[in-house]
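Heads up, the thing below is written out as structure tokens.
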Amino acid sequence: MCGLVGYAGFMGHVPRGTEDTSLKEMTETLACRGPDASAVWAEGAAALGHTRLATVDLVSGRQPMVLARDGRTVLAVAFTGEVYNHARLRSELTALGRQFTSRCDSEVVLHAIDAWGEGAPARLEGMFAYAAWEPGSRRLTLVRDRFGIKPLCYARVGDAVVFGSEPKAVLAHPAVTARLDLDGLRELFLSAHPMIKTPGRSAFAGLDEVAPGTVVTLASEGVRARRYWSLTPVEHPDGLPATVARVRQLLQEAVTGQLAADVPVSVLLSGGLDSSAIAALARPAATTLHTLSVDLGSQASDRDAMGRDPDGPYAELMVRHLGSSHRRVRLDADALADPDRRARVGHLRDGLTLGDFDTSLLQLYRAVREDFPVTLAGDGADELFGGYRWFTPEAAATESFPWDSVLDRADLTRLLDPALTAALDLPAHRAELHRAACAEIEHLPGTTPAEAALRRDSYLNLTRFLPCLLDRADRLSMGVGLEVRVPFLDHHLVEYVFNTPWNLKTFDGREKSLLRAAVTDLLPEPVLARRKSPYPMVRDPAYRTALTAQVTRLLADGGPATDLLDTTAVRELLLRPTGADRFPREGLELVLDLDQWLRTHRPALHF
């Protein structure tokens, strides 16, 4: 796991403002993503920078990697992520006459690109992003994994391009300016509230993301984007017993494959079905299974309007069941409300945060990283197996993102200046995003309307909702130099389950029936019977009190956000009582997040 940056000029000129220090400064912004090593490479009109978190072949594998023939560079590559099938690909490439000097997957990627060109990404299994520069043709290729687990973005600057793992790295180049327009502000809000991600778009004008499963080629003739993978419908030939067995096999292969590392590996264990399944499947391969969970103590949310159930008892049950070496990471309201920690989260995310959900997750990741550079997590299971409350025929019948109303994330634009709210027109924008997403979906002939609607919502969750969570996990984990692996997003497993008919996914009338059946022999009955319980939030009144004090101070002292806010509405919000309505809390968090984002990036406003 690493971070990559760079620039390339297609007409032989580097981007304006480029100096010897530019690449170094860009690389330094990603030091947390790669605490073990950093290096830069420059030749002619192109340069690559890289920071490394070593997890496989700790000695070799330094990047950027360069391939030369007859004394001339033919390919330079900066790669980030993990390719889990690199050993098999190395054998294939060796049979083609390729020679290797390391055991790392980065060198496999280098030779795979040289051997198979744009066909290389489809052969890679894992989470990854890379930049490949070919000096002969002056062509830059940017690639991102199938689900966008690993980030990659770029900005055009005249006849050149600047790119990096995160926006902050690209914005560190003197030729790139942080600009915020109405589309960017829409993306900034919707990706946090109500969590709708637009593939390929960032909050910054002129700064694009490589969309998941996409190859972007940039050369003198222009920019070309091509999807190398997408969720497509195929016939599901298996009955229920065969389907359950196949899911078990695919998930076991994914977990086992992702345990491979030359450093200690742990598993995040909440006591829910998803994380418990991963821990149980990992147990036979681990000499000692190491698990960790977050503990908010007596102030953790209990059964509330969101249907949460405390994690603690279930996590402890799984620890006893598996005999794992377990650590509980204890957090409190003061730590979660700390302005400095909020600022750190905002800096890492390059976007609006999810309040204490993010602050607590960062603290959990920091504790994991004290002993483990790699951990496995259950991300993606709910989107894949239908674990959320909005996976219902009723929600599927609506012409909107299914979580939009069910999740009840407040329309926080009510706190903005009314003229700005009107200009944004988020309801119309959200409807257009929904239409565009639905237009991507294909169905097999003969698919019933009910099945098509549920398949559509599964697609929307995997391609518009899940990316928000993956961005969150990537930025916060890499902010402490931790690699989080996600076995449920093995693309073989996703393709199989996505094409499984809905009546098999919920054959016993419950959410995630198929997953539960696949691991029923591995887990205690209380864990198997437990309903979906989201990541915990703190309910300590001290947290709301701290937010109120911080917003009051912001209104008194002023800040960049106050120019965009309806300060009267914010002052009224301060007086709202704490209760089942989450708007007061989320609204206060939004005010603080927006102000912190504007202070951090200082964008030029174009609206």
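Each chain in the structure tokens gets a letter, A, B, ..., in the order shown, and its residues are numbered from 1; ligands are numbered from 1 in order too.
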
Near-Asp371 in chain A list (10 Å; only C-alpha atoms; drop same-chain fewer than 4 positions) as a PDB file with N, CA and C atoms, in the first residue's frame:
ATOM      1  N   VAL A 263       4.105  -9.084   6.979  1.00  0.00           N
ATOM      2  CA  VAL A 263       3.971  -8.302   8.210  1.00  0.00           C
ATOM      3  C   VAL A 263       2.760  -8.854   8.977  1.00  0.00           C
ATOM      4  N   PRO A 264       2.627  -8.523  10.269  1.00  0.00           N
ATOM      5  CA  PRO A 264       1.480  -9.019  11.040  1.00  0.00           C
ATOM      6  C   PRO A 264       0.155  -8.501  10.486  1.00  0.00           C
ATOM      7  N   VAL A 265      -0.859  -9.375  10.516  1.00  0.00           N
ATOM      8  CA  VAL A 265      -2.188  -9.060   9.982  1.00  0.00           C
ATOM      9  C   VAL A 265      -3.223  -9.242  11.088  1.00  0.00           C
ATOM     10  N   SER A 266      -4.218  -8.350  11.133  1.00  0.00           N
ATOM     11  CA  SER A 266      -5.290  -8.448  12.118  1.00  0.00           C
ATOM     12  C   SER A 266      -6.638  -8.434  11.411  1.00  0.00           C
ATOM     13  N   HIS A 290      -5.528 -12.263  15.574  1.00  0.00           N
ATOM     14  CA  HIS A 290      -5.567 -10.984  16.281  1.00  0.00           C
ATOM     15  C   HIS A 290      -6.792 -10.191  15.827  1.00  0.00           C
ATOM     16  N   ARG A 366      -5.741   4.042  14.165  1.00  0.00           N
ATOM     17  CA  ARG A 366      -4.459   4.396  14.786  1.00  0.00           C
ATOM     18  C   ARG A 366      -4.035   3.323  15.793  1.00  0.00           C
ATOM     19  N   ALA A 367      -5.007   2.815  16.553  1.00  0.00           N
ATOM     20  CA  ALA A 367      -4.691   1.774  17.530  1.00  0.00           C
ATOM     21  C   ALA A 367      -4.290   0.472  16.830  1.00  0.00           C
TER      22      ALA A 367
END

Item to complete: Please report, as a PyMOL selection string, each residue of range 248-379 of chain A to which DSSP assigns alpha helix (DSSP H) when run on this structure's backbone.
Response: chain A and resi 248-258+273-282+312-322+333-337+339-349+356-369

Worksheet item: Using only C-alpha atoms, which residue out of A:Pro584, A:Pro487, A:Gly380, A:Pro313 lies closest to Leu412 in chain A?
Response: A:Pro584

Item to complete: Pick out the closest residue to Arg349 in chain A from this set: A:Glu394, A:Asp557, A:Asp474, A:Asp332. Count only C-alpha atoms.
Response: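 The shortest atom-to-atom distance to Arg349 in chain A comes from A:Asp474.
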
Quick one: residues within 12 Å of Leu67 in chain A, only C-alpha atoms counted, chain neighbours fewer than 2 positions away excluded, as a PDB file with N, CA and C atoms, in the first residue's frame?
ATOM      1  N   GLN A  63       9.768   1.779  -5.418  1.00  0.00           N
ATOM      2  CA  GLN A  63       9.216   2.421  -6.599  1.00  0.00           C
ATOM      3  C   GLN A  63       9.601   3.902  -6.608  1.00  0.00           C
ATOM      4  N   PRO A  64       9.360   4.541  -7.776  1.00  0.00           N
ATOM      5  CA  PRO A  64       8.844   4.084  -9.062  1.00  0.00           C
ATOM      6  C   PRO A  64       9.749   3.022  -9.698  1.00  0.00           C
ATOM      7  N   MET A  65       9.135   2.143 -10.485  1.00  0.00           N
ATOM      8  CA  MET A  65       9.869   1.095 -11.177  1.00  0.00           C
ATOM      9  C   MET A  65       9.995   1.458 -12.651  1.00  0.00           C
ATOM     10  N   ARG A  69      15.323  -0.787 -22.129  1.00  0.00           N
ATOM     11  CA  ARG A  69      15.871  -1.666 -23.162  1.00  0.00           C
ATOM     12  C   ARG A  69      16.885  -0.879 -23.968  1.00  0.00           C
ATOM     13  N   ASP A  70      18.030  -1.493 -24.185  1.00  0.00           N
ATOM     14  CA  ASP A  70      19.100  -0.854 -24.951  1.00  0.00           C
ATOM     15  C   ASP A  70      19.460   0.508 -24.359  1.00  0.00           C
ATOM     16  N   GLY A  71      19.416   0.573 -23.019  1.00  0.00           N
ATOM     17  CA  GLY A  71      19.814   1.791 -22.342  1.00  0.00           C
ATOM     18  C   GLY A  71      18.790   2.900 -22.357  1.00  0.00           C
ATOM     19  N   ARG A  72      17.578   2.620 -22.851  1.00  0.00           N
ATOM     20  CA  ARG A  72      16.547   3.650 -22.924  1.00  0.00           C
ATOM     21  C   ARG A  72      15.310   3.210 -22.131  1.00  0.00           C
ATOM     22  N   THR A  73      14.711   4.155 -21.424  1.00  0.00           N
ATOM     23  CA  THR A  73      13.504   3.866 -20.656  1.00  0.00           C
ATOM     24  C   THR A  73      12.337   3.643 -21.615  1.00  0.00           C
ATOM     25  N   VAL A  74      11.661   2.491 -21.454  1.00  0.00           N
ATOM     26  CA  VAL A  74      10.471   2.218 -22.268  1.00  0.00           C
ATOM     27  C   VAL A  74       9.192   2.299 -21.437  1.00  0.00           C
ATOM     28  N   LEU A  75       9.336   2.209 -20.105  1.00  0.00           N
ATOM     29  CA  LEU A  75       8.141   2.237 -19.256  1.00  0.00           C
ATOM     30  C   LEU A  75       8.554   2.610 -17.837  1.00  0.00           C
ATOM     31  N   ALA A  76       7.816   3.531 -17.237  1.00  0.00           N
ATOM     32  CA  ALA A  76       7.997   3.873 -15.827  1.00  0.00           C
ATOM     33  C   ALA A  76       6.637   3.777 -15.147  1.00  0.00           C
ATOM     34  N   VAL A  77       6.610   3.148 -13.967  1.00  0.00           N
ATOM     35  CA  VAL A  77       5.341   2.859 -13.301  1.00  0.00           C
ATOM     36  C   VAL A  77       5.420   3.210 -11.821  1.00  0.00           C
ATOM     37  N   ALA A  78       4.355   3.844 -11.320  1.00  0.00           N
ATOM     38  CA  ALA A  78       4.135   3.998  -9.885  1.00  0.00           C
ATOM     39  C   ALA A  78       2.823   3.306  -9.559  1.00  0.00           C
ATOM     40  N   ARG A  98       9.973 -13.177 -19.131  1.00  0.00           N
ATOM     41  CA  ARG A  98      10.247 -12.045 -18.239  1.00  0.00           C
ATOM     42  C   ARG A  98      11.097 -12.506 -17.057  1.00  0.00           C
ATOM     43  N   GLN A  99      11.988 -11.646 -16.608  1.00  0.00           N
ATOM     44  CA  GLN A  99      12.846 -11.956 -15.477  1.00  0.00           C
ATOM     45  C   GLN A  99      12.543 -11.005 -14.327  1.00  0.00           C
ATOM     46  N   PHE A 100      12.534 -11.555 -13.116  1.00  0.00           N
ATOM     47  CA  PHE A 100      12.169 -10.788 -11.935  1.00  0.00           C
ATOM     48  C   PHE A 100      13.324 -10.752 -10.942  1.00  0.00           C
ATOM     49  N   GLU A 107       6.556  -5.252  -9.199  1.00  0.00           N
ATOM     50  CA  GLU A 107       7.337  -5.653 -10.369  1.00  0.00           C
ATOM     51  C   GLU A 107       6.491  -6.489 -11.324  1.00  0.00           C
ATOM     52  N   VAL A 108       5.568  -7.267 -10.780  1.00  0.00           N
ATOM     53  CA  VAL A 108       4.640  -8.019 -11.631  1.00  0.00           C
ATOM     54  C   VAL A 108       3.789  -7.054 -12.450  1.00  0.00           C
ATOM     55  N   VAL A 109       3.296  -5.998 -11.808  1.00  0.00           N
ATOM     56  CA  VAL A 109       2.484  -5.012 -12.514  1.00  0.00           C
ATOM     57  C   VAL A 109       3.295  -4.347 -13.626  1.00  0.00           C
ATOM     58  N   LEU A 110       4.550  -4.004 -13.349  1.00  0.00           N
ATOM     59  CA  LEU A 110       5.417  -3.391 -14.355  1.00  0.00           C
ATOM     60  C   LEU A 110       5.503  -4.260 -15.607  1.00  0.00           C
ATOM     61  N   HIS A 111       5.798  -5.553 -15.418  1.00  0.00           N
ATOM     62  CA  HIS A 111       5.943  -6.441 -16.577  1.00  0.00           C
ATOM     63  C   HIS A 111       4.594  -6.768 -17.210  1.00  0.00           C
ATOM     64  N   ALA A 112       3.538  -6.795 -16.407  1.00  0.00           N
ATOM     65  CA  ALA A 112       2.207  -7.054 -16.957  1.00  0.00           C
ATOM     66  C   ALA A 112       1.794  -5.928 -17.898  1.00  0.00           C
ATOM     67  N   ILE A 113       2.082  -4.696 -17.526  1.00  0.00           N
ATOM     68  CA  ILE A 113       1.742  -3.555 -18.383  1.00  0.00           C
ATOM     69  C   ILE A 113       2.541  -3.614 -19.681  1.00  0.00           C
ATOM     70  N   ASP A 114       3.824  -3.940 -19.568  1.00  0.00           N
ATOM     71  CA  ASP A 114       4.669  -4.015 -20.761  1.00  0.00           C
ATOM     72  C   ASP A 114       4.240  -5.159 -21.666  1.00  0.00           C
ATOM     73  N   ALA A 115       3.806  -6.270 -21.068  1.00  0.00           N
ATOM     74  CA  ALA A 115       3.436  -7.440 -21.871  1.00  0.00           C
ATOM     75  C   ALA A 115       2.026  -7.338 -22.440  1.00  0.00           C
ATOM     76  N   ALA A 132       1.256   4.755 -15.483  1.00  0.00           N
ATOM     77  CA  ALA A 132       2.283   4.184 -16.352  1.00  0.00           C
ATOM     78  C   ALA A 132       2.630   5.194 -17.444  1.00  0.00           C
ATOM     79  N   TRP A 133       3.915   5.556 -17.544  1.00  0.00           N
ATOM     80  CA  TRP A 133       4.381   6.527 -18.533  1.00  0.00           C
ATOM     81  C   TRP A 133       5.259   5.827 -19.552  1.00  0.00           C
ATOM     82  N   GLU A 134       4.922   6.030 -20.834  1.00  0.00           N
ATOM     83  CA  GLU A 134       5.692   5.472 -21.943  1.00  0.00           C
ATOM     84  C   GLU A 134       6.378   6.629 -22.668  1.00  0.00           C
ATOM     85  N   PRO A 135       7.677   6.808 -22.473  1.00  0.00           N
ATOM     86  CA  PRO A 135       8.369   7.963 -23.069  1.00  0.00           C
ATOM     87  C   PRO A 135       8.323   7.969 -24.593  1.00  0.00           C
TER      88      PRO A 135
END

Discussion item. Could you check the closest approach to Val319 in chain A for each of A:Gly239, A:Pro524, A:Ala54, A:Asp338 and tell me which residue wins, using only C-alpha atoms?
Written reply: A:Pro524

Discussion item. For a quick check of understanding, using only C-alpha atoms, which of A:Phe204, A:Leu362, A:Glu253, A:Phe607 has the smallest distance to Ala422 in chain A?
Written reply: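 Among the listed residues, A:Phe607 lies closest to Ala422 in chain A.
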